[in-house]
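Below is one structure, written out as structure tokens; the observations come after it.
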Amino acid sequence: MIIFARGTATPSPFEGGKATGKTMIYHIAEYLDRTIDLPGAGMFNYLSFRSALAIVVSLLIGIVFGKSIIRMLQRRQIGEEIRNLGLEGQLQKRGTPTMGGLIILASILIPVLLFADLSNIYMQLMLATTVWLGLLGFLDDYIKVFRKRKEGLNGRFKIVGQVALGIIVGTTLWASPQIVSREPANRTTGAERVVATDLGNHRRILYLTPAGKSTSTTIPFFKNSRLDYRDLVPIDGPTGDTLGWLLYVLIAVCIITAVSNGANLTDGLDGLAAGVSASIGVVLGILAYLSGNVIYSDYLSIMNIPGSGELLVFAGAFVGALLGFLWYNSYPAQVFMGDTGSLAIGGIIATFALLIRKELLLPILCGIFLVESLSVMMQVGWFKYTRWRYGEGRRIFLMSPLHHHYQKKGYAEVKIVNRFWIVQLLLAAITLMTLKIR
């Protein structure tokens with residue numbers, strides 16, 4: 001798709017056409033095209049083709065090399081220590097290799113480094129998130145396995161790591177000149193006139209606000225409705241603007257911490273966290289493409305975020321990596337992801353949503369994570385209150401997180417996981433429906 005704006009025409013990666021940035025594999029293909037006239041070399045310059053490749057390659061990496069990684073973990077006796085909590089089939093999992101999140105991380109990073117435009121600021125933030133929380137989770141698993149400390153990394157250090165990442169992401173969104181947004185506008189003075197050609201070669205004239213920094217986000221279910229975090233600060237002038245961005249950074253910290261911990265709590269049954277997260281990744285990829293496409297964002301009345309379409313490549317690698325990991329993590333699991341995988345997965349989802357300004361959709365899209373987290377907070381809070389009030393702690397659930405409650409009720413593990421997957425698919429569908437129910 002070609003965008004004509006202010007008399008210029010430029011190929012645009014975020015509009016679904018050719019990539020202006022050069023990927024690693026693009027340079028290789030370009031060289032082969034020049035030297036041996038390789039047929040189809042130019043395909044590597046297209047977002048859709050690179051995204052499809054990312055899915056395929058990440059899936060193959062997970063399946064083909066996952067077995068080798070599992071064997072390596074087994075040789076090093078990196079097995080899960082299982083406490084006897086009275087759950088059916090629990091003790092049979094003792095000794096199953098953990099730290100399988102290494103499979104997920106490798107399956108994400110390799111395709112992204114090959115097929116993504118690494119000059120894209122959004123891609124840089126996603127890579128930083130993946131590596132940062134992957135290392136944090138790896139350190140936690142390392143302490144559990146090799147130092148034989150069941151509690152792993154001290155909870156305070158985990159929070160510090162998550163907060164630090166939130167500050168990095170929020171501050172980059174604030175300070176980077178590459179991160180801007182545009183919104184649909186009426187034909188008024190100051191609106192930017194954009195002539196766009198869609199995939200059917202039909203020309204359309206669109207009006208958008210000029211690209212600029214914004215603390216706005218999209219409110220689900222409401223048409224032409226935005227929440228500007230700046231409006232929550234009752235101070236005018238530059239001081240208010242600064243405080244508005246500081247509030248945005250604080251919100252980014254809270255979202256990344258909450259979703260990362262939610263994914264960590266959900267990782268308790270074979271295939272549960274990976275299956276739930278895969279459908280979330282599909283929805284985020286769709287939302288990124290729509291947000292980066294000037295025609296679709298105008299049609300759906302959502303913010304247009306130049307450059308965010310490149311995140312479709314990352315979403316493809318993310319989904320492919322999770323499906324590849326499920327090859328070995330489905331019941332009965334041959335490997336567990338550990339905190340190496342779960343913390344990274346949650347952080348990836350949270351950061352991705354922040355980058356495309358869809359963080360207010362997370363309570364719907366990540367409803368499983370939310371419910372799992374709430375079940376733990378309710379259980380702990382009620383137990384502490386009743387112990388103080390009555391001298392004896394009482395419980396709301398038979399066990400928390402929620403999936404263990406159903407295990408205690410006698411449901412088979414596979415049935416619980418399958419039903420959670422079905423609920424997640426329903427939540428994913430509702431999330432996409434919010435684009436039209438406005």
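Labeling convention for the structure tokens: chains A, B, ... as they appear, residues from 1 per chain, ligands from 1 in order of appearance.
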### Query
Which residues, written as an MDAnalysis selection string, have at least one atom at most 8 Å from stretch 329-340 of chain A, with only C-alpha atoms counted and residues fewer than 2 positions away on the same chain left out?
chainID A and resid 70 80 96:102 133:141 264 267 270:271 325:327 342:344 414
Closest atom pairs, stretch 277-366 of chain A residues within 12 Å of stretch 424-428 of chain A, only C-alpha atoms, as a Markdown table:
| residue | atom | partner | partner_atom | distance |
| --- | --- | --- | --- | --- |
| A:Ser277 | CA | A:Gln424 | CA | 8.8 |
| A:Ala278 | CA | A:Gln424 | CA | 9.8 |
| A:Ser279 | CA | A:Leu425 | CA | 6.7 |
| A:Ile280 | CA | A:Ala428 | CA | 6.6 |
| A:Gly281 | CA | A:Ala428 | CA | 9.7 |
| A:Val282 | CA | A:Ala428 | CA | 8.7 |
| A:Val283 | CA | A:Ala428 | CA | 6.5 |
| A:Leu284 | CA | A:Ala428 | CA | 9.5 |
| A:Gly285 | CA | A:Ala428 | CA | 11.9 |
| A:Ile286 | CA | A:Ala428 | CA | 11.0 |
| A:Leu287 | CA | A:Ala428 | CA | 11.4 |
| A:Leu361 | CA | A:Ala428 | CA | 10.1 |
| A:Leu362 | CA | A:Leu427 | CA | 10.1 |
| A:Pro363 | CA | A:Leu427 | CA | 9.6 |
| A:Ile364 | CA | A:Leu427 | CA | 6.1 |
| A:Leu365 | CA | A:Leu427 | CA | 5.5 |
| A:Cys366 | CA | A:Leu427 | CA | 7.8 |
#### Entry: Selection near stretch 293-310 of chain A, 6 Å with only C-alpha atoms, sequence-local residues under 3 positions removed, as a list in words
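Listed by chain and then number, they are Phe14, Glu15, Ser181, Arg182, Glu183, Pro184, Ala288, Tyr289, Leu290 and Val313 of chain A.
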Restricting the output to C-alpha atoms, write the selected residues as a JSON list (two decimals), in the first residue's frame.
[["chain", "number", "residue", "atom", "x", "y", "z"],
["A", 14, "PHE", "CA", 3.29, 0.07, 8.81],
["A", 15, "GLU", "CA", 0.74, 0.36, 6.03],
["A", 181, "SER", "CA", 0.46, 8.69, 16.91],
["A", 182, "ARG", "CA", -2.25, 10.12, 14.70],
["A", 183, "GLU", "CA", -6.01, 10.10, 15.06],
["A", 184, "PRO", "CA", -8.90, 10.36, 12.60],
["A", 288, "ALA", "CA", -0.86, -4.05, 15.84],
["A", 289, "TYR", "CA", -1.48, -4.43, 12.12],
["A", 290, "LEU", "CA", -4.75, -2.49, 12.30],
["A", 313, "VAL", "CA", 6.55, -9.98, 12.84]]
### Query
Please, which residues of stretch 111-320 of chain A, numbered as in this document, come out alpha helix (DSSP H) from DSSP, as number ranges by chain?
A: 111-115, 121-146, 155-175, 237-266, 272-292, 294-300, 311-320
### Task
Return the single residue from A:Phe420, A:Tyr122, A:Tyr229, A:Phe397 that is closest to A:Val376, with distances computed using only C-alpha atoms.
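Ranked by minimum distance to A:Val376, first place goes to A:Phe397.
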### Query
Which residue gives the smallest distance to A:Ile256 among A:Leu322, A:Asn45, A:Leu243, A:Ile348, with only C-alpha atoms counted?
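Using only C-alpha atoms, the shortest distance to A:Ile256 belongs to A:Ile348.
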Please run DSSP on the backbone and report, as a PDB file with all heavy atoms, in the first residue's frame, all residues within stretch 172-354 of chain A that come out as strand (DSSP E or B).
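Everything below was put into part-v8.pdb:
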ATOM      1  N   SER A 181       1.757   9.252  17.292  1.00  0.00           N
ATOM      2  CA  SER A 181       0.460   8.690  16.906  1.00  0.00           C
ATOM      3  C   SER A 181      -0.349   9.738  16.170  1.00  0.00           C
ATOM      4  O   SER A 181      -0.083  10.945  16.261  1.00  0.00           O
ATOM      5  CB  SER A 181      -0.306   8.204  18.145  1.00  0.00           C
ATOM      6  OG  SER A 181      -0.574   9.278  19.027  1.00  0.00           O
ATOM      7  N   ARG A 182      -1.327   9.258  15.410  1.00  0.00           N
ATOM      8  CA  ARG A 182      -2.254  10.122  14.695  1.00  0.00           C
ATOM      9  C   ARG A 182      -3.664   9.607  14.943  1.00  0.00           C
ATOM     10  O   ARG A 182      -3.842   8.423  15.196  1.00  0.00           O
ATOM     11  CB  ARG A 182      -1.960  10.130  13.191  1.00  0.00           C
ATOM     12  CG  ARG A 182      -0.543  10.529  12.837  1.00  0.00           C
ATOM     13  CD  ARG A 182      -0.320  10.575  11.340  1.00  0.00           C
ATOM     14  NE  ARG A 182      -0.425   9.263  10.722  1.00  0.00           N
ATOM     15  CZ  ARG A 182      -0.149   9.019   9.439  1.00  0.00           C
ATOM     16  NH1 ARG A 182       0.200  10.009   8.652  1.00  0.00           N
ATOM     17  NH2 ARG A 182      -0.254   7.802   8.939  1.00  0.00           N
ATOM     18  N   PRO A 184      -7.975   9.875  13.626  1.00  0.00           N
ATOM     19  CA  PRO A 184      -8.899  10.361  12.596  1.00  0.00           C
ATOM     20  C   PRO A 184      -9.396  11.753  12.931  1.00  0.00           C
ATOM     21  O   PRO A 184      -9.646  12.079  14.096  1.00  0.00           O
ATOM     22  CB  PRO A 184     -10.039   9.331  12.638  1.00  0.00           C
ATOM     23  CG  PRO A 184      -9.418   8.102  13.225  1.00  0.00           C
ATOM     24  CD  PRO A 184      -8.400   8.587  14.207  1.00  0.00           C
ATOM     25  N   GLU A 192      -4.294  16.715   8.538  1.00  0.00           N
ATOM     26  CA  GLU A 192      -3.380  16.260   7.494  1.00  0.00           C
ATOM     27  C   GLU A 192      -4.148  15.444   6.479  1.00  0.00           C
ATOM     28  O   GLU A 192      -4.793  14.460   6.815  1.00  0.00           O
ATOM     29  CB  GLU A 192      -2.258  15.429   8.121  1.00  0.00           C
ATOM     30  CG  GLU A 192      -1.235  14.933   7.118  1.00  0.00           C
ATOM     31  CD  GLU A 192      -0.113  14.156   7.795  1.00  0.00           C
ATOM     32  OE1 GLU A 192       0.440  14.663   8.790  1.00  0.00           O
ATOM     33  OE2 GLU A 192       0.170  13.036   7.331  1.00  0.00           O
ATOM     34  N   ARG A 193      -4.071  15.852   5.223  1.00  0.00           N
ATOM     35  CA  ARG A 193      -4.776  15.155   4.144  1.00  0.00           C
ATOM     36  C   ARG A 193      -3.900  14.022   3.628  1.00  0.00           C
ATOM     37  O   ARG A 193      -2.764  14.235   3.221  1.00  0.00           O
ATOM     38  CB  ARG A 193      -5.103  16.128   3.017  1.00  0.00           C
ATOM     39  CG  ARG A 193      -5.936  15.538   1.879  1.00  0.00           C
ATOM     40  CD  ARG A 193      -6.304  16.652   0.907  1.00  0.00           C
ATOM     41  NE  ARG A 193      -7.124  16.150  -0.182  1.00  0.00           N
ATOM     42  CZ  ARG A 193      -6.651  15.718  -1.342  1.00  0.00           C
ATOM     43  NH1 ARG A 193      -5.343  15.708  -1.534  1.00  0.00           N
ATOM     44  NH2 ARG A 193      -7.462  15.310  -2.286  1.00  0.00           N
ATOM     45  N   VAL A 194      -4.441  12.798   3.665  1.00  0.00           N
ATOM     46  CA  VAL A 194      -3.695  11.624   3.237  1.00  0.00           C
ATOM     47  C   VAL A 194      -4.477  10.922   2.141  1.00  0.00           C
ATOM     48  O   VAL A 194      -5.652  10.592   2.315  1.00  0.00           O
ATOM     49  CB  VAL A 194      -3.456  10.645   4.413  1.00  0.00           C
ATOM     50  CG1 VAL A 194      -2.722   9.411   3.940  1.00  0.00           C
ATOM     51  CG2 VAL A 194      -2.687  11.333   5.527  1.00  0.00           C
ATOM     52  N   VAL A 195      -3.844  10.718   0.999  1.00  0.00           N
ATOM     53  CA  VAL A 195      -4.449   9.962  -0.092  1.00  0.00           C
ATOM     54  C   VAL A 195      -3.833   8.574  -0.063  1.00  0.00           C
ATOM     55  O   VAL A 195      -2.627   8.405  -0.256  1.00  0.00           O
ATOM     56  CB  VAL A 195      -4.202  10.628  -1.455  1.00  0.00           C
ATOM     57  CG1 VAL A 195      -4.857   9.804  -2.564  1.00  0.00           C
ATOM     58  CG2 VAL A 195      -4.741  12.046  -1.453  1.00  0.00           C
ATOM     59  N   ALA A 196      -4.648   7.563   0.216  1.00  0.00           N
ATOM     60  CA  ALA A 196      -4.143   6.197   0.385  1.00  0.00           C
ATOM     61  C   ALA A 196      -4.752   5.279  -0.662  1.00  0.00           C
ATOM     62  O   ALA A 196      -5.912   5.445  -1.054  1.00  0.00           O
ATOM     63  CB  ALA A 196      -4.470   5.689   1.785  1.00  0.00           C
ATOM     64  N   THR A 197      -3.958   4.338  -1.114  1.00  0.00           N
ATOM     65  CA  THR A 197      -4.421   3.320  -2.051  1.00  0.00           C
ATOM     66  C   THR A 197      -4.486   1.987  -1.323  1.00  0.00           C
ATOM     67  O   THR A 197      -3.475   1.526  -0.787  1.00  0.00           O
ATOM     68  CB  THR A 197      -3.470   3.215  -3.252  1.00  0.00           C
ATOM     69  OG1 THR A 197      -3.358   4.491  -3.866  1.00  0.00           O
ATOM     70  CG2 THR A 197      -3.987   2.203  -4.256  1.00  0.00           C
ATOM     71  N   ARG A 203      -8.389   4.426  -4.428  1.00  0.00           N
ATOM     72  CA  ARG A 203      -7.837   5.589  -3.732  1.00  0.00           C
ATOM     73  C   ARG A 203      -8.854   6.133  -2.747  1.00  0.00           C
ATOM     74  O   ARG A 203     -10.048   6.237  -3.038  1.00  0.00           O
ATOM     75  CB  ARG A 203      -7.434   6.671  -4.729  1.00  0.00           C
ATOM     76  CG  ARG A 203      -6.320   6.255  -5.670  1.00  0.00           C
ATOM     77  CD  ARG A 203      -5.958   7.379  -6.614  1.00  0.00           C
ATOM     78  NE  ARG A 203      -5.396   8.504  -5.878  1.00  0.00           N
ATOM     79  CZ  ARG A 203      -5.180   9.697  -6.419  1.00  0.00           C
ATOM     80  NH1 ARG A 203      -5.502   9.926  -7.668  1.00  0.00           N
ATOM     81  NH2 ARG A 203      -4.659  10.669  -5.689  1.00  0.00           N
ATOM     82  N   ARG A 204      -8.353   6.487  -1.556  1.00  0.00           N
ATOM     83  CA  ARG A 204      -9.211   7.060  -0.531  1.00  0.00           C
ATOM     84  C   ARG A 204      -8.531   8.283   0.044  1.00  0.00           C
ATOM     85  O   ARG A 204      -7.307   8.320   0.194  1.00  0.00           O
ATOM     86  CB  ARG A 204      -9.475   6.047   0.589  1.00  0.00           C
ATOM     87  CG  ARG A 204     -10.234   4.813   0.150  1.00  0.00           C
ATOM     88  CD  ARG A 204     -10.559   3.942   1.338  1.00  0.00           C
ATOM     89  NE  ARG A 204     -11.322   4.671   2.337  1.00  0.00           N
ATOM     90  CZ  ARG A 204     -11.658   4.182   3.534  1.00  0.00           C
ATOM     91  NH1 ARG A 204     -11.267   2.963   3.863  1.00  0.00           N
ATOM     92  NH2 ARG A 204     -12.351   4.889   4.386  1.00  0.00           N
ATOM     93  N   ILE A 205      -9.333   9.277   0.350  1.00  0.00           N
ATOM     94  CA  ILE A 205      -8.814  10.492   0.978  1.00  0.00           C
ATOM     95  C   ILE A 205      -9.171  10.460   2.459  1.00  0.00           C
ATOM     96  O   ILE A 205     -10.351  10.350   2.823  1.00  0.00           O
ATOM     97  CB  ILE A 205      -9.392  11.755   0.316  1.00  0.00           C
ATOM     98  CG1 ILE A 205      -8.985  11.808  -1.157  1.00  0.00           C
ATOM     99  CG2 ILE A 205      -8.909  13.002   1.045  1.00  0.00           C
ATOM    100  CD1 ILE A 205      -9.580  12.980  -1.909  1.00  0.00           C
ATOM    101  N   LEU A 206      -8.157  10.531   3.286  1.00  0.00           N
ATOM    102  CA  LEU A 206      -8.344  10.478   4.730  1.00  0.00           C
ATOM    103  C   LEU A 206      -7.826  11.763   5.355  1.00  0.00           C
ATOM    104  O   LEU A 206      -6.939  12.423   4.803  1.00  0.00           O
ATOM    105  CB  LEU A 206      -7.601   9.280   5.325  1.00  0.00           C
ATOM    106  CG  LEU A 206      -7.860   7.909   4.686  1.00  0.00           C
ATOM    107  CD1 LEU A 206      -6.927   6.869   5.284  1.00  0.00           C
ATOM    108  CD2 LEU A 206      -9.311   7.502   4.889  1.00  0.00           C
ATOM    109  N   TYR A 207      -8.374  12.096   6.526  1.00  0.00           N
ATOM    110  CA  TYR A 207      -7.909  13.259   7.274  1.00  0.00           C
ATOM    111  C   TYR A 207      -7.486  12.799   8.666  1.00  0.00           C
ATOM    112  O   TYR A 207      -8.261  12.157   9.382  1.00  0.00           O
ATOM    113  CB  TYR A 207      -9.006  14.325   7.360  1.00  0.00           C
ATOM    114  CG  TYR A 207      -9.310  14.943   6.018  1.00  0.00           C
ATOM    115  CD1 TYR A 207     -10.286  14.403   5.183  1.00  0.00           C
ATOM    116  CD2 TYR A 207      -8.592  16.052   5.573  1.00  0.00           C
ATOM    117  CE1 TYR A 207     -10.546  14.959   3.935  1.00  0.00           C
ATOM    118  CE2 TYR A 207      -8.849  16.625   4.333  1.00  0.00           C
ATOM    119  CZ  TYR A 207      -9.826  16.074   3.518  1.00  0.00           C
ATOM    120  OH  TYR A 207     -10.078  16.627   2.290  1.00  0.00           O
ATOM    121  N   LEU A 208      -6.255  13.115   9.006  1.00  0.00           N
ATOM    122  CA  LEU A 208      -5.688  12.694  10.280  1.00  0.00           C
ATOM    123  C   LEU A 208      -5.071  13.884  10.988  1.00  0.00           C
ATOM    124  O   LEU A 208      -4.655  14.862  10.343  1.00  0.00           O
ATOM    125  CB  LEU A 208      -4.597  11.629  10.060  1.00  0.00           C
ATOM    126  CG  LEU A 208      -4.989  10.360   9.324  1.00  0.00           C
ATOM    127  CD1 LEU A 208      -3.745   9.542   9.002  1.00  0.00           C
ATOM    128  CD2 LEU A 208      -5.967   9.542  10.144  1.00  0.00           C
ATOM    129  N   GLY A 212       2.218  13.188  16.414  1.00  0.00           N
ATOM    130  CA  GLY A 212       2.828  13.845  17.563  1.00  0.00           C
ATOM    131  C   GLY A 212       2.782  12.957  18.792  1.00  0.00           C
ATOM    132  O   GLY A 212       2.207  11.863  18.783  1.00  0.00           O
ATOM    133  N   SER A 216      -2.607   9.513  25.112  1.00  0.00           N
ATOM    134  CA  SER A 216      -3.966   8.988  24.946  1.00  0.00           C
ATOM    135  C   SER A 216      -3.942   7.479  24.726  1.00  0.00           C
ATOM    136  O   SER A 216      -2.956   6.907  24.268  1.00  0.00           O
ATOM    137  CB  SER A 216      -4.654   9.670  23.764  1.00  0.00           C
ATOM    138  OG  SER A 216      -4.833  11.049  23.988  1.00  0.00           O
ATOM    139  N   THR A 217      -5.073   6.862  25.033  1.00  0.00           N
ATOM    140  CA  THR A 217      -5.274   5.453  24.747  1.00  0.00           C
ATOM    141  C   THR A 217      -6.729   5.249  24.360  1.00  0.00           C
ATOM    142  O   THR A 217      -7.575   6.122  24.578  1.00  0.00           O
ATOM    143  CB  THR A 217      -4.903   4.585  25.963  1.00  0.00           C
ATOM    144  OG1 THR A 217      -4.895   3.209  25.590  1.00  0.00           O
ATOM    145  CG2 THR A 217      -5.902   4.772  27.102  1.00  0.00           C
ATOM    146  N   THR A 218      -7.013   4.101  23.765  1.00  0.00           N
ATOM    147  CA  THR A 218      -8.368   3.822  23.284  1.00  0.00           C
ATOM    148  C   THR A 218      -9.208   3.194  24.385  1.00  0.00           C
ATOM    149  O   THR A 218      -8.766   2.279  25.078  1.00  0.00           O
ATOM    150  CB  THR A 218      -8.306   2.865  22.083  1.00  0.00           C
ATOM    151  OG1 THR A 218      -7.463   3.438  21.081  1.00  0.00           O
ATOM    152  CG2 THR A 218      -9.691   2.637  21.501  1.00  0.00           C
ATOM    153  N   ARG A 226     -11.515   8.672  23.761  1.00  0.00           N
ATOM    154  CA  ARG A 226     -10.131   8.464  24.161  1.00  0.00           C
ATOM    155  C   ARG A 226      -9.981   8.791  25.638  1.00  0.00           C
ATOM    156  O   ARG A 226     -10.685   9.639  26.181  1.00  0.00           O
ATOM    157  CB  ARG A 226      -9.184   9.385  23.377  1.00  0.00           C
ATOM    158  CG  ARG A 226      -9.298   9.291  21.872  1.00  0.00           C
ATOM    159  CD  ARG A 226      -8.585   8.070  21.327  1.00  0.00           C
ATOM    160  NE  ARG A 226      -8.590   8.069  19.868  1.00  0.00           N
ATOM    161  CZ  ARG A 226      -9.550   7.546  19.129  1.00  0.00           C
ATOM    162  NH1 ARG A 226     -10.601   6.982  19.720  1.00  0.00           N
ATOM    163  NH2 ARG A 226      -9.489   7.564  17.820  1.00  0.00           N
ATOM    164  N   LEU A 227      -9.065   8.110  26.262  1.00  0.00           N
ATOM    165  CA  LEU A 227      -8.656   8.469  27.610  1.00  0.00           C
ATOM    166  C   LEU A 227      -7.266   9.068  27.510  1.00  0.00           C
ATOM    167  O   LEU A 227      -6.317   8.397  27.104  1.00  0.00           O
ATOM    168  CB  LEU A 227      -8.631   7.249  28.528  1.00  0.00           C
ATOM    169  CG  LEU A 227      -8.012   7.496  29.916  1.00  0.00           C
ATOM    170  CD1 LEU A 227      -8.820   8.539  30.693  1.00  0.00           C
ATOM    171  CD2 LEU A 227      -7.897   6.202  30.701  1.00  0.00           C
ATOM    172  N   ASP A 228      -7.151  10.335  27.846  1.00  0.00           N
ATOM    173  CA  ASP A 228      -5.857  11.002  27.848  1.00  0.00           C
ATOM    174  C   ASP A 228      -5.403  11.091  29.300  1.00  0.00           C
ATOM    175  O   ASP A 228      -6.021  11.780  30.116  1.00  0.00           O
ATOM    176  CB  ASP A 228      -5.970  12.395  27.232  1.00  0.00           C
ATOM    177  CG  ASP A 228      -4.604  13.014  26.959  1.00  0.00           C
ATOM    178  OD1 ASP A 228      -3.625  12.586  27.603  1.00  0.00           O
ATOM    179  OD2 ASP A 228      -4.514  13.916  26.112  1.00  0.00           O
ATOM    180  N   ASN A 304      -3.889   5.744  14.799  1.00  0.00           N
ATOM    181  CA  ASN A 304      -2.907   5.241  13.850  1.00  0.00           C
ATOM    182  C   ASN A 304      -1.516   5.471  14.448  1.00  0.00           C
ATOM    183  O   ASN A 304      -1.163   6.581  14.818  1.00  0.00           O
ATOM    184  CB  ASN A 304      -3.033   5.971  12.512  1.00  0.00           C
ATOM    185  CG  ASN A 304      -1.925   5.601  11.550  1.00  0.00           C
ATOM    186  OD1 ASN A 304      -1.181   6.462  11.099  1.00  0.00           O
ATOM    187  ND2 ASN A 304      -1.800   4.325  11.244  1.00  0.00           N
TER     188      ASN A 304
END
### Task
Could you tell me how far atom CA of A:Ile167 lies from atom CA of A:Phe314, in Å and to one decimal?
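Pair atom CA of A:Ile167 / atom CA of A:Phe314 returns 21.6 Å.
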### Task
Return the single residue from A:Thr434, A:Ser291, A:Gln124, A:Thr130 that is closest to A:Leu105, with distances computed using only C-alpha atoms.
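Between A:Thr434, A:Ser291, A:Gln124, A:Thr130, the residue approaching A:Leu105 most closely is A:Thr130.
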### Among the residues A:Ile349, A:Val249, A:Leu113, A:Ala175, the one that comes closest to A:Phe369 [using only C-alpha atoms]
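Among the listed residues, the smallest separation from A:Phe369 belongs to A:Ile349.
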### Message
I'd like the contact shell of A:Pro220 - 10 Å cut-off, only C-alpha atoms, skipping same-chain residues fewer than 5 positions apart - returned as a list in words.
### Response
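Counting only the stated atoms, we get Ser225, Arg226, Lys358, Glu359, Leu360, Leu361, Ile364, Thr431, Met433, Thr434, Leu435, Lys436, Ile437 and Arg438 of chain A.
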Would you put the residues from that selection into a file with C-alpha atoms, as a compact mmCIF listing (two decimals), in the first residue's frame?
# COMPACT_ATOMS: atom_id res chain seq x y z
CA SER A 225 -13.66 8.09 22.83
CA ARG A 226 -10.13 8.46 24.16
CA LYS A 358 -4.54 -1.03 23.78
CA GLU A 359 -3.66 -1.54 27.45
CA LEU A 360 -7.28 -0.93 28.54
CA LEU A 361 -8.23 -4.09 26.63
CA ILE A 364 -10.69 -8.55 28.81
CA THR A 431 -11.62 -8.23 22.47
CA MET A 433 -15.47 -7.35 18.80
CA THR A 434 -14.76 -4.18 20.78
CA LEU A 435 -13.37 -2.72 17.55
CA LYS A 436 -16.88 -2.76 16.05
CA ILE A 437 -19.07 -2.55 19.15
CA ARG A 438 -18.43 1.16 19.58
### Query
Nearest to A:Ser373 among A:Ile235, A:Val259, A:Ala273, A:Leu312, with distances taken over only C-alpha atoms: which residue is it?
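Residue with the minimum atom-to-atom distance to A:Ser373: A:Val259.
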